[in-house]
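Chemist: Input data.pdb, format and content: PDB, C-alpha atoms.
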```
MODEL        1
ATOM      1  CA  MET T   8       0.000   0.000   0.000
ATOM      2  CA  LYS T   9       1.243   3.492  -0.861
ATOM      3  CA  THR T  10       1.561   5.783   2.124
ATOM      4  CA  PHE T  11      -0.817   8.707   2.613
ATOM      5  CA  GLN T  12      -1.491  11.685   4.827
ATOM      6  CA  LEU T  13      -4.380  11.087   7.187
ATOM      7  CA  THR T  14      -6.532  14.033   8.227
ATOM      8  CA  ARG T  15      -9.793  14.181  10.102
ATOM      9  CA  ALA T  16     -12.479  16.576   8.894
ATOM     10  CA  LYS T  17     -14.010  18.534  11.773
ATOM     11  CA  ASN T  18     -17.071  19.648   9.813
ATOM     12  CA  ASN T  19     -18.724  19.293   6.415
ATOM     13  CA  ALA T  20     -17.194  22.524   5.086
ATOM     14  CA  GLU T  21     -13.694  21.335   5.936
ATOM     15  CA  ALA T  22     -14.330  18.019   4.191
ATOM     16  CA  ILE T  23     -15.675  19.741   1.066
ATOM     17  CA  ALA T  24     -12.714  22.123   1.025
ATOM     18  CA  ALA T  25     -10.333  19.159   1.211
ATOM     19  CA  GLY T  26     -12.200  17.425  -1.615
ATOM     20  CA  THR T  27     -11.925  20.396  -3.966
ATOM     21  CA  LYS T  28      -8.126  20.141  -3.862
ATOM     22  CA  SER T  29      -8.337  16.872  -5.774
ATOM     23  CA  LYS T  30      -8.165  17.066  -9.572
ATOM     24  CA  THR T  31     -10.513  14.143  -9.981
ATOM     25  CA  ALA T  32     -13.003  12.121  -7.987
ATOM     26  CA  GLN T  33     -12.614   9.158 -10.323
ATOM     27  CA  GLN T  34     -10.279   6.228  -9.869
ATOM     28  CA  GLY T  35      -6.794   7.361  -8.972
ATOM     29  CA  ALA T  36      -7.962  10.517  -7.165
ATOM     30  CA  GLU T  37      -5.254  12.050  -4.986
ATOM     31  CA  ILE T  38      -7.705  12.752  -2.171
ATOM     32  CA  ARG T  39     -10.188  10.211  -0.897
ATOM     33  CA  PHE T  40     -12.822  10.367   1.813
ATOM     34  CA  ILE T  41     -12.986   7.467   4.175
ATOM     35  CA  ALA T  42     -16.016   6.385   6.182
ATOM     36  CA  GLY T  43     -16.414   2.614   6.547
ATOM     37  CA  GLY T  44     -13.539   1.855   4.212
ATOM     38  CA  THR T  45     -14.761  -1.572   3.142
ATOM     39  CA  THR T  46     -14.123  -0.908  -0.540
ATOM     40  CA  LEU T  47     -11.490   1.807  -0.352
ATOM     41  CA  ILE T  48      -9.057   0.021   1.983
ATOM     42  CA  ASP T  49      -9.382  -3.176  -0.014
ATOM     43  CA  LEU T  50      -8.541  -1.317  -3.219
ATOM     44  CA  MET T  51      -5.679   0.487  -1.496
ATOM     45  CA  LYS T  52      -4.239  -2.837  -0.399
ATOM     46  CA  LEU T  53      -4.271  -3.916  -4.043
ATOM     47  CA  ASN T  54      -2.756  -0.570  -5.124
ATOM     48  CA  VAL T  55      -5.795   0.136  -7.292
ATOM     49  CA  GLU T  56      -6.412   3.274  -5.252
ATOM     50  CA  THR T  57      -3.313   5.233  -4.261
ATOM     51  CA  PRO T  58      -4.526   8.452  -2.616
ATOM     52  CA  GLN T  59      -1.902  10.831  -1.264
ATOM     53  CA  SER T  60      -4.377  12.130   1.256
ATOM     54  CA  LEU T  61      -7.160  10.437   3.148
ATOM     55  CA  VAL T  62      -9.893  12.499   4.811
ATOM     56  CA  ASP T  63     -11.592  10.746   7.707
ATOM     57  CA  MET T  64     -15.258  11.729   7.815
ATOM     58  CA  ASN T  65     -16.361   9.327  10.524
ATOM     59  CA  ARG T  66     -17.060  12.110  12.990
ATOM     60  CA  LEU T  67     -19.335  14.006  10.618
ATOM     61  CA  PRO T  68     -23.107  13.633  11.088
ATOM     62  CA  LEU T  69     -23.555  11.867   7.763
ATOM     63  CA  ASP T  70     -24.496   8.366   8.818
ATOM     64  CA  LYS T  71     -28.243   8.627   8.587
ATOM     65  CA  ILE T  72     -30.710   6.728   6.479
ATOM     66  CA  GLU T  73     -33.987   8.614   6.349
ATOM     67  CA  ALA T  74     -37.367   8.102   4.729
ATOM     68  CA  THR T  75     -38.381  10.669   2.136
ATOM     69  CA  PRO T  76     -42.019  11.851   1.646
ATOM     70  CA  ASP T  77     -42.333   9.961  -1.654
ATOM     71  CA  GLY T  78     -41.671   6.618   0.047
ATOM     72  CA  GLY T  79     -37.993   6.324  -0.788
ATOM     73  CA  LEU T  80     -34.934   6.576   1.355
ATOM     74  CA  THR T  81     -32.032   8.955   1.475
ATOM     75  CA  ASN T  82     -28.747   7.337   2.209
ATOM     76  CA  CYS T  83     -25.685   9.228   3.297
ATOM     77  CA  GLY T  84     -22.322   7.977   2.068
ATOM     78  CA  GLU T  85     -21.057   7.438   5.574
ATOM     79  CA  ALA T  86     -23.766   4.880   6.413
ATOM     80  CA  THR T  87     -22.130   1.502   6.872
ATOM     81  CA  ALA T  88     -23.533  -1.992   6.380
ATOM     82  CA  TYR T  89     -24.611  -1.962  10.007
ATOM     83  CA  HIS T  90     -27.155   0.755   9.289
ATOM     84  CA  TYR T  91     -28.878  -1.516   6.818
ATOM     85  CA  SER T  92     -29.789  -4.014   9.482
ATOM     86  CA  VAL T  93     -31.768  -1.568  11.610
ATOM     87  CA  PRO T  94     -35.408  -2.628  12.096
ATOM     88  CA  ASN T  95     -37.154   0.314  10.416
ATOM     89  CA  LEU T  96     -35.212  -0.342   7.235
ATOM     90  CA  ARG T  97     -36.300  -3.949   7.199
ATOM     91  CA  VAL T  98     -39.909  -2.836   7.718
ATOM     92  CA  HIS T  99     -39.465  -0.420   4.832
ATOM     93  CA  PHE T 100     -38.553  -3.190   2.438
ATOM     94  CA  GLY T 101     -41.130  -5.647   3.795
ATOM     95  CA  ARG T 102     -38.658  -7.941   5.468
ATOM     96  CA  ALA T 103     -39.895  -7.421   9.012
ATOM     97  CA  GLN T 104     -40.751 -10.309  11.212
TER
ATOM     98  CA  MET H  21      15.240 -66.675  12.222
ATOM     99  CA  ASP H  22      16.207 -63.030  12.371
ATOM    100  CA  SER H  23      19.816 -63.613  11.551
ATOM    101  CA  GLU H  24      18.814 -65.858   8.740
ATOM    102  CA  SER H  25      16.533 -63.280   7.217
ATOM    103  CA  GLU H  26      19.273 -60.670   7.630
ATOM    104  CA  ARG H  27      21.709 -62.842   5.830
ATOM    105  CA  SER H  28      19.252 -63.576   3.067
ATOM    106  CA  ALA H  29      18.537 -59.865   2.807
ATOM    107  CA  GLY H  30      22.236 -59.235   2.491
ATOM    108  CA  ARG H  31      22.459 -61.786  -0.255
ATOM    109  CA  ASP H  32      19.381 -61.132  -2.327
ATOM    110  CA  HIS H  33      18.619 -57.492  -1.715
ATOM    111  CA  PRO H  34      20.605 -54.290  -1.559
ATOM    112  CA  SER H  35      22.257 -53.606   1.801
ATOM    113  CA  GLY H  36      20.679 -51.341   4.436
ATOM    114  CA  ASP H  37      22.695 -48.337   3.251
ATOM    115  CA  GLU H  38      21.765 -48.882  -0.341
ATOM    116  CA  MET H  39      18.116 -49.268   0.650
ATOM    117  CA  GLY H  40      18.380 -46.020   2.510
ATOM    118  CA  GLN H  41      19.706 -44.302  -0.558
ATOM    119  CA  LEU H  42      16.990 -45.783  -2.700
ATOM    120  CA  PHE H  43      14.029 -45.171  -0.438
ATOM    121  CA  GLY H  44      15.334 -42.433   1.776
ATOM    122  CA  ASN H  45      15.194 -44.000   5.240
ATOM    123  CA  PRO H  46      14.864 -41.546   8.143
ATOM    124  CA  GLU H  47      18.547 -41.446   8.956
ATOM    125  CA  THR H  48      19.639 -40.649   5.439
ATOM    126  CA  ARG H  49      16.906 -38.049   5.062
ATOM    127  CA  ARG H  50      17.978 -36.446   8.317
ATOM    128  CA  GLN H  51      21.563 -36.319   7.152
ATOM    129  CA  PHE H  52      20.482 -34.763   3.909
ATOM    130  CA  LEU H  53      18.382 -32.154   5.680
ATOM    131  CA  LYS H  54      21.251 -31.338   8.029
ATOM    132  CA  GLN H  55      23.553 -30.835   5.113
ATOM    133  CA  PHE H  56      20.962 -28.802   3.300
ATOM    134  CA  THR H  57      20.352 -26.562   6.331
ATOM    135  CA  VAL H  58      24.034 -25.878   6.778
ATOM    136  CA  THR H  59      24.404 -25.028   3.088
ATOM    137  CA  SER H  60      21.387 -22.725   3.004
ATOM    138  CA  ALA H  61      22.476 -21.026   6.243
ATOM    139  CA  ALA H  62      25.862 -20.355   4.695
ATOM    140  CA  MET H  63      24.158 -18.976   1.590
ATOM    141  CA  ALA H  64      21.933 -16.699   3.678
ATOM    142  CA  LEU H  65      24.947 -15.466   5.622
ATOM    143  CA  GLY H  66      26.741 -14.825   2.368
ATOM    144  CA  SER H  67      23.883 -12.738   0.993
ATOM    145  CA  GLN H  68      23.781 -10.771   4.226
ATOM    146  CA  LEU H  69      27.459 -10.017   3.954
ATOM    147  CA  ILE H  70      27.003  -8.934   0.377
ATOM    148  CA  SER H  71      23.989  -6.656   1.049
ATOM    149  CA  SER H  72      24.934  -3.086   1.831
ATOM    150  CA  PRO H  73      25.046  -1.978   5.473
ATOM    151  CA  SER H  74      22.918   1.078   4.661
ATOM    152  CA  ALA H  75      19.962  -1.133   3.694
ATOM    153  CA  ASN H  76      20.163  -2.862   7.049
ATOM    154  CA  ALA H  77      20.297   0.437   8.880
ATOM    155  CA  ALA H  78      17.176   1.689   7.062
ATOM    156  CA  GLU H  79      15.300  -1.454   8.029
ATOM    157  CA  LYS H  80      16.114  -0.981  11.691
ATOM    158  CA  THR H  81      15.132   2.661  11.861
ATOM    159  CA  SER H  82      11.988   2.418   9.715
ATOM    160  CA  PRO H  83       9.454   2.139  12.591
ATOM    161  CA  VAL H  84      10.681   5.431  14.040
ATOM    162  CA  THR H  85      10.870   7.380  10.803
ATOM    163  CA  ALA H  86       7.645   5.990   9.277
ATOM    164  CA  GLU H  87       6.341   8.484   6.760
ATOM    165  CA  ASN H  88       3.200  10.361   7.833
ATOM    166  CA  ALA H  89       3.231   8.585  11.224
ATOM    167  CA  VAL H  90       0.268   9.474  13.390
ATOM    168  CA  ASP H  91      -0.219   9.474  17.145
ATOM    169  CA  VAL H  92      -3.165   7.307  18.066
ATOM    170  CA  HIS H  93      -4.831   6.724  21.392
ATOM    171  CA  LEU H  94      -6.775   3.507  21.346
ATOM    172  CA  ARG H  95      -9.060   2.035  23.951
ATOM    173  CA  VAL H  96      -9.090  -1.742  23.647
ATOM    174  CA  ASN H  97     -10.910  -4.021  26.112
ATOM    175  CA  GLY H  98     -11.090  -1.172  28.609
ATOM    176  CA  LYS H  99      -7.359  -0.426  28.469
ATOM    177  CA  ASP H 100      -5.840   2.720  26.986
ATOM    178  CA  TYR H 101      -2.905   2.601  24.619
ATOM    179  CA  ALA H 102      -0.850   5.468  23.213
ATOM    180  CA  LEU H 103       0.747   4.460  19.922
ATOM    181  CA  LYS H 104       2.690   5.974  17.070
ATOM    182  CA  LEU H 105       1.561   4.244  13.926
ATOM    183  CA  ASP H 106       2.071   4.268  10.211
ATOM    184  CA  PRO H 107      -1.345   5.433   8.911
ATOM    185  CA  ARG H 108      -1.497   2.289   6.747
ATOM    186  CA  THR H 109      -1.648   0.043   9.801
ATOM    187  CA  THR H 110      -4.960  -1.764   9.747
ATOM    188  CA  LEU H 111      -6.771  -2.177  13.027
ATOM    189  CA  LEU H 112      -6.133  -5.922  12.789
ATOM    190  CA  ASP H 113      -2.376  -5.506  12.386
ATOM    191  CA  CYS H 114      -2.344  -2.976  15.191
ATOM    192  CA  LEU H 115      -4.151  -5.364  17.537
ATOM    193  CA  ARG H 116      -1.998  -8.342  16.639
ATOM    194  CA  GLU H 117       1.442  -6.829  16.048
ATOM    195  CA  HIS H 118       1.473  -3.791  18.323
ATOM    196  CA  LEU H 119      -0.844  -4.740  21.179
ATOM    197  CA  HIS H 120      -0.157  -8.487  20.909
ATOM    198  CA  LEU H 121      -3.849  -9.360  21.094
ATOM    199  CA  THR H 122      -3.592 -12.274  18.723
ATOM    200  CA  GLY H 123      -7.086 -13.630  19.319
ATOM    201  CA  SER H 124      -8.381 -11.767  16.258
ATOM    202  CA  LYS H 125      -7.220 -13.746  13.242
ATOM    203  CA  LYS H 126      -6.046 -12.716   9.818
ATOM    204  CA  GLY H 127      -7.789 -14.960   7.328
ATOM    205  CA  CYS H 128      -8.070 -13.304   3.948
ATOM    206  CA  ASP H 129      -7.117  -9.706   4.904
ATOM    207  CA  HIS H 130      -9.695  -8.541   2.347
ATOM    208  CA  GLY H 131     -12.915  -8.562   4.346
ATOM    209  CA  GLN H 132     -14.255 -11.773   2.898
ATOM    210  CA  CYS H 133     -13.866 -14.296   5.701
ATOM    211  CA  GLY H 134     -14.829 -12.523   8.946
ATOM    212  CA  ALA H 135     -12.016 -14.075  11.036
ATOM    213  CA  CYS H 136     -10.889 -10.588  12.109
ATOM    214  CA  THR H 137     -14.284  -9.417  13.408
ATOM    215  CA  VAL H 138     -14.092  -7.111  16.448
ATOM    216  CA  HIS H 139     -16.607  -4.814  18.148
ATOM    217  CA  ILE H 140     -16.316  -1.062  17.689
ATOM    218  CA  ASN H 141     -18.620   0.730  20.118
ATOM    219  CA  GLY H 142     -20.621  -2.492  20.463
ATOM    220  CA  ARG H 143     -21.069  -3.062  16.737
ATOM    221  CA  ARG H 144     -19.249  -5.747  14.836
ATOM    222  CA  GLN H 145     -16.728  -4.624  12.268
ATOM    223  CA  LEU H 146     -13.975  -6.193  10.184
ATOM    224  CA  SER H 147     -10.700  -5.014  11.642
ATOM    225  CA  CYS H 148      -8.746  -5.863   8.474
ATOM    226  CA  LEU H 149     -10.740  -3.298   6.483
ATOM    227  CA  SER H 150     -10.246  -0.398   8.835
ATOM    228  CA  PHE H 151      -7.238   1.710   9.722
ATOM    229  CA  ALA H 152      -6.259   1.803  13.389
ATOM    230  CA  ALA H 153      -5.788   5.559  13.200
ATOM    231  CA  LEU H 154      -9.504   6.016  12.469
ATOM    232  CA  HIS H 155     -10.511   4.597  15.838
ATOM    233  CA  ALA H 156      -9.166   7.106  18.319
ATOM    234  CA  GLY H 157     -11.751   7.408  21.062
ATOM    235  CA  ASP H 158     -13.707   4.338  20.005
ATOM    236  CA  GLU H 159     -14.446   1.504  22.383
ATOM    237  CA  ILE H 160     -12.812  -1.535  20.785
ATOM    238  CA  THR H 161     -13.542  -5.034  22.068
ATOM    239  CA  THR H 162     -11.697  -8.125  20.900
ATOM    240  CA  ILE H 163     -12.282 -11.770  21.732
ATOM    241  CA  GLU H 164      -9.891 -11.321  24.702
ATOM    242  CA  GLY H 165     -12.287  -8.729  26.089
ATOM    243  CA  ILE H 166     -15.381 -10.907  25.559
ATOM    244  CA  GLY H 167     -14.227 -13.603  27.970
ATOM    245  CA  GLN H 168     -11.262 -15.578  29.248
ATOM    246  CA  PRO H 169     -10.945 -19.363  29.699
ATOM    247  CA  GLU H 170     -11.631 -19.092  33.423
ATOM    248  CA  LYS H 171     -14.570 -16.727  32.921
ATOM    249  CA  MET H 172     -16.157 -17.409  29.562
ATOM    250  CA  HIS H 173     -18.917 -15.436  27.888
ATOM    251  CA  PRO H 174     -22.098 -17.567  27.548
ATOM    252  CA  MET H 175     -21.508 -17.614  23.789
ATOM    253  CA  GLN H 176     -17.998 -18.991  24.210
ATOM    254  CA  ALA H 177     -19.308 -21.650  26.599
ATOM    255  CA  ALA H 178     -22.038 -22.573  24.110
ATOM    256  CA  PHE H 179     -19.470 -22.871  21.294
ATOM    257  CA  VAL H 180     -17.471 -25.302  23.434
ATOM    258  CA  LYS H 181     -20.566 -27.237  24.475
ATOM    259  CA  CYS H 182     -21.970 -27.508  20.936
ATOM    260  CA  ASP H 183     -18.573 -28.309  19.383
ATOM    261  CA  ALA H 184     -19.039 -25.321  17.091
ATOM    262  CA  TYR H 185     -15.563 -25.475  15.541
ATOM    263  CA  GLN H 186     -12.969 -27.836  14.222
ATOM    264  CA  CYS H 187      -9.668 -26.109  13.543
ATOM    265  CA  GLY H 188     -10.751 -23.025  15.478
ATOM    266  CA  TYR H 189      -9.228 -20.420  13.174
ATOM    267  CA  CYS H 190     -12.518 -18.674  12.397
ATOM    268  CA  THR H 191     -13.915 -19.196  15.885
ATOM    269  CA  SER H 192     -12.954 -15.886  17.487
ATOM    270  CA  GLY H 193     -14.549 -14.056  14.551
ATOM    271  CA  GLN H 194     -17.606 -16.299  14.692
ATOM    272  CA  ILE H 195     -18.023 -15.613  18.416
ATOM    273  CA  MET H 196     -17.595 -11.854  17.967
ATOM    274  CA  SER H 197     -20.303 -11.882  15.293
ATOM    275  CA  ALA H 198     -22.507 -14.165  17.384
ATOM    276  CA  VAL H 199     -22.238 -11.899  20.432
ATOM    277  CA  ALA H 200     -23.090  -8.841  18.318
ATOM    278  CA  LEU H 201     -25.994 -10.730  16.754
ATOM    279  CA  LEU H 202     -27.686 -11.005  20.156
ATOM    280  CA  LYS H 203     -28.329  -7.254  20.054
ATOM    281  CA  GLU H 204     -29.311  -7.125  16.385
ATOM    282  CA  PRO H 205     -32.833  -7.504  14.963
ATOM    283  CA  CYS H 206     -32.381 -11.158  14.088
ATOM    284  CA  GLY H 207     -35.465 -13.368  13.682
ATOM    285  CA  PRO H 208     -35.995 -16.506  15.752
ATOM    286  CA  ASP H 209     -35.401 -19.198  13.113
ATOM    287  CA  ASP H 210     -32.162 -20.851  12.028
ATOM    288  CA  ALA H 211     -32.365 -19.399   8.519
ATOM    289  CA  GLU H 212     -32.277 -15.894   9.953
ATOM    290  CA  VAL H 213     -29.269 -16.730  12.130
ATOM    291  CA  LYS H 214     -27.479 -18.134   9.076
ATOM    292  CA  GLU H 215     -28.217 -14.912   7.184
ATOM    293  CA  PHE H 216     -26.857 -12.786  10.032
ATOM    294  CA  MET H 217     -23.756 -14.977  10.317
ATOM    295  CA  SER H 218     -23.149 -15.037   6.560
ATOM    296  CA  GLY H 219     -20.139 -12.720   6.884
ATOM    297  CA  ASN H 220     -18.160 -15.371   8.729
ATOM    298  CA  ILE H 221     -16.772 -18.238   6.707
ATOM    299  CA  CYS H 222     -15.863 -21.579   8.296
ATOM    300  CA  ARG H 223     -13.712 -23.752   6.079
ATOM    301  CA  CYS H 224     -14.245 -26.777   8.312
ATOM    302  CA  GLY H 225     -17.984 -26.468   7.806
ATOM    303  CA  ALA H 226     -19.017 -26.319  11.455
ATOM    304  CA  TYR H 227     -22.046 -24.224  10.500
ATOM    305  CA  PRO H 228     -24.811 -26.462  11.964
ATOM    306  CA  ASN H 229     -23.066 -26.480  15.349
ATOM    307  CA  ILE H 230     -22.407 -22.740  15.217
ATOM    308  CA  VAL H 231     -26.102 -22.086  14.582
ATOM    309  CA  ALA H 232     -26.979 -24.508  17.401
ATOM    310  CA  ALA H 233     -24.651 -22.678  19.823
ATOM    311  CA  ILE H 234     -26.130 -19.308  18.953
ATOM    312  CA  GLN H 235     -29.707 -20.559  19.237
ATOM    313  CA  GLN H 236     -28.910 -22.089  22.604
ATOM    314  CA  VAL H 237     -27.644 -18.771  23.975
ATOM    315  CA  ARG H 238     -30.608 -16.881  22.514
ATOM    316  CA  GLN H 239     -33.128 -19.272  24.021
ATOM    317  CA  ARG H 240     -31.443 -19.053  27.417
ATOM    318  CA  THR H 241     -31.301 -15.268  27.427
ATOM    319  CA  GLN H 242     -34.955 -15.133  26.385
ATOM    320  CA  ALA H 243     -35.937 -17.592  29.110
ATOM    321  CA  GLY H 244     -33.810 -15.837  31.725
TER
ENDMDL
END
```
Would you write the structure of this file as structure tokens?

Modeler:
Amino acid sequence: MKTFQLTRAKNNAEAIAAGTKSKTAQQGAEIRFIAGGTTLIDLMKLNVETPQSLVDMNRLPLDKIEATPDGGLTNCGEATAYHYSVPNLRVHFGRAQ
Amino acid sequence: MDSESERSAGRDHPSGDEMGQLFGNPETRRQFLKQFTVTSAAMALGSQLISSPSANAAEKTSPVTAENAVDVHLRVNGKDYALKLDPRTTLLDCLREHLHLTGSKKGCDHGQCGACTVHINGRRQLSCLSFAALHAGDEITTIEGIGQPEKMHPMQAAFVKCDAYQCGYCTSGQIMSAVALLKEPCGPDDAEVKEFMSGNICRCGAYPNIVAAIQQVRQRTQAG
């Protein structure tokens, strides 16, 4: 794995500001946001992703999954697999007990 | 009888030494291995002498001068640790190599097997797919913090009782997932338990016993 600078975003504005410094958000971006990391860390281990800077957004309030008025759901990027096992989500998709 | 057979062996068949050479009896094999070890040791020593001293020096000092090293304060099993880590250190490597909590296992190191499962703030997570530096201030629990041989968690006791393992490599991960499952919205039937445990692979195929162990603990906690 290539080494990187690890920073922690204190608020949304700081995270967005960090993101704008990157030339691209596509594969090979020099700055990457990390929340759960399930995909990103795996790809970094394989040297598919080689960010120079990693912005930790785990402390930002972006881990919510909320119902929208039209019956859908909004999903924030920071929500991890755990959030998908919460009861109201299972009710939403008719998988409740 | 013995001496006769020995003599006949000497006459009709190759001698003991020759047999050894042909079929590699233990003594000859041992001698060969001894020779081989000495030769390879000499070769290794030679390559060390050839390699430049500067390379060796860099290897020794690398932990101190790790690029982008970060100070991390971790709380694992109720104990606080202050560490200086390379940001690339996964939580699993940190637990095993730095804190010497080797109960969490490295199976695939790619988040596919679940052997490295730990609890972060009470939720199960794969420690191989997370950097240690991201977990400052989090409450991390490993299998060592779940229970010890003299004071086992009910889930650990149930795993022993139900024979829910064979080689045991995946077991700590299985137990971490099983303990977390108790607090998750998992339905009562076996199929639901299997679904919730699907992130943990057992190569020995102890699945029926694992499900039995989990169901046993769930029934007891419900009854009690």

Chemist: Using only the atoms of stretch 63-69 of chain T listed in the file, plus 3 Å on each side, state the axis-aligned box centre and edge lengths in Å rounded to one decimal, as lines of an AutoDock Vina configuration file.

Modeler:
```
center_x = -17.6
center_y = 11.7
center_z = 10.3
size_x = 18.0
size_y = 10.7
size_z = 11.3
```

Chemist: So that each row is one residue of chain H with an atom at most 10 Å from chain T, can you give its shortest atom pair and the distance in Å to one decimal, using all atoms listed in the file, rows by chain and rising number, as a Markdown table?

Modeler:
```
| residue | atom | partner | partner_atom | distance |
| --- | --- | --- | --- | --- |
| H:Ala86 | CA | T:Thr10 | CA | 9.4 |
| H:Glu87 | CA | T:Thr10 | CA | 7.2 |
| H:Asn88 | CA | T:Gln12 | CA | 5.7 |
| H:Ala89 | CA | T:Gln12 | CA | 8.5 |
| H:Val90 | CA | T:Leu13 | CA | 7.9 |
| H:Asp106 | CA | T:Thr10 | CA | 8.2 |
| H:Pro107 | CA | T:Leu13 | CA | 6.6 |
| H:Arg108 | CA | T:Thr10 | CA | 6.6 |
| H:Thr109 | CA | T:Met8 | CA | 9.9 |
| H:Thr110 | CA | T:Ile48 | CA | 9.0 |
| H:Asp129 | CA | T:Asp49 | CA | 8.5 |
| H:His130 | CA | T:Asp49 | CA | 5.9 |
| H:Gly131 | CA | T:Thr45 | CA | 7.3 |
| H:Arg143 | CA | T:Tyr89 | CA | 7.7 |
| H:Arg144 | CA | T:Tyr89 | CA | 8.1 |
| H:Gln145 | CA | T:Tyr89 | CA | 8.6 |
| H:Leu146 | CA | T:Thr45 | CA | 8.5 |
| H:Cys148 | CA | T:Ile48 | CA | 8.8 |
| H:Leu149 | CA | T:Thr45 | CA | 5.5 |
| H:Ser150 | CA | T:Gly44 | CA | 6.1 |
| H:Phe151 | CA | T:Ile48 | CA | 8.1 |
| H:Ala153 | CA | T:Leu13 | CA | 8.3 |
| H:Leu154 | CA | T:Asp63 | CA | 7.0 |
| H:His155 | CA | T:Asn65 | CA | 9.2 |
| H:Glu204 | CA | T:Ser92 | CA | 7.6 |
| H:Pro205 | CA | T:Pro94 | CA | 6.2 |
| H:Cys206 | CA | T:Ser92 | CA | 8.9 |
| H:Gly207 | CA | T:Gln104 | CA | 6.6 |
| H:Pro208 | CA | T:Gln104 | CA | 9.0 |
| H:Phe216 | CA | T:Ser92 | CA | 9.3 |
```

Chemist: My list of candidates is H:Asp113, H:Glu159, H:Asp100, H:Glu164. Which is closest to H:Ser192 when distances are computed with all atoms listed in the file?

Modeler: H:Glu164

Chemist: Could you work out how far atom CA of H:Cys133 lies from atom CA of H:Gly167, giving the answer in Å with one decimal?

Modeler: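 Computing the Euclidean distance for atom CA of H:Gly167 and atom CA of H:Cys133 yields 22.3 Å.
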
Chemist: By how many Å are atom CA of H:Glu117 and atom CA of H:Gln132 apart?

Modeler: 21.1 Å

Chemist: So, counting only C-alpha atoms, which residue among H:Thr137, H:Tyr227, H:Glu215, H:Cys182 is closest to H:Ile195?

Modeler: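 Under the stated criterion, the closest residue is H:Thr137.
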
Chemist: Nearest to H:His118 among H:Met175, H:Leu103, H:Asp210, H:Gly193, with distances taken over only C-alpha atoms: which residue is it?

Modeler: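 The closest residue to H:His118 is H:Leu103.
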
Chemist: Can you tell me how far atom CA of H:Leu115 sits from atom CA of H:Ile163, in Å to one decimal?

Modeler: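 Distance between the two atoms: 11.2 Å.
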
Chemist: Given the choices H:Leu119, H:Ala156, H:Ile166, H:Cys190, which gets closest to H:Ala135 if the distance is worked out from all atoms listed in the file?

Modeler: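 The answer is H:Cys190, which sits nearest to H:Ala135.
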
Chemist: Would you fill out stretch 48-60 of chain T with N, CA and C atoms and return it as a compact mmCIF listing (two decimals), keeping the file's coordinate frame?

Modeler:
```
# COMPACT_ATOMS: atom_id res chain seq x y z
N ILE T 48 -10.27 0.62 1.41
CA ILE T 48 -9.06 0.02 1.98
C ILE T 48 -8.66 -1.24 1.21
N ASP T 49 -9.66 -1.98 0.79
CA ASP T 49 -9.38 -3.18 -0.01
C ASP T 49 -8.66 -2.79 -1.30
N LEU T 50 -9.17 -1.76 -1.97
CA LEU T 50 -8.54 -1.32 -3.22
C LEU T 50 -7.16 -0.70 -2.97
N MET T 51 -7.00 -0.08 -1.82
CA MET T 51 -5.68 0.49 -1.50
C MET T 51 -4.66 -0.62 -1.24
N LYS T 52 -5.13 -1.70 -0.63
CA LYS T 52 -4.24 -2.84 -0.40
C LYS T 52 -3.76 -3.42 -1.71
N LEU T 53 -4.62 -3.36 -2.73
CA LEU T 53 -4.27 -3.92 -4.04
C LEU T 53 -3.60 -2.88 -4.95
N ASN T 54 -3.35 -1.68 -4.37
CA ASN T 54 -2.76 -0.57 -5.12
C ASN T 54 -3.60 -0.13 -6.32
N VAL T 55 -4.89 -0.39 -6.26
CA VAL T 55 -5.80 0.14 -7.29
C VAL T 55 -6.06 1.60 -6.98
N GLU T 56 -6.28 1.89 -5.71
CA GLU T 56 -6.41 3.27 -5.25
C GLU T 56 -5.14 3.66 -4.51
N THR T 57 -4.55 4.79 -4.91
CA THR T 57 -3.31 5.23 -4.26
C THR T 57 -3.42 6.71 -3.87
N PRO T 58 -4.38 7.03 -2.98
CA PRO T 58 -4.53 8.45 -2.62
C PRO T 58 -3.33 8.95 -1.82
N GLN T 59 -2.98 10.24 -2.05
CA GLN T 59 -1.90 10.83 -1.26
C GLN T 59 -2.46 11.32 0.07
N SER T 60 -3.76 11.60 0.05
CA SER T 60 -4.38 12.13 1.26
C SER T 60 -5.70 11.43 1.51
```
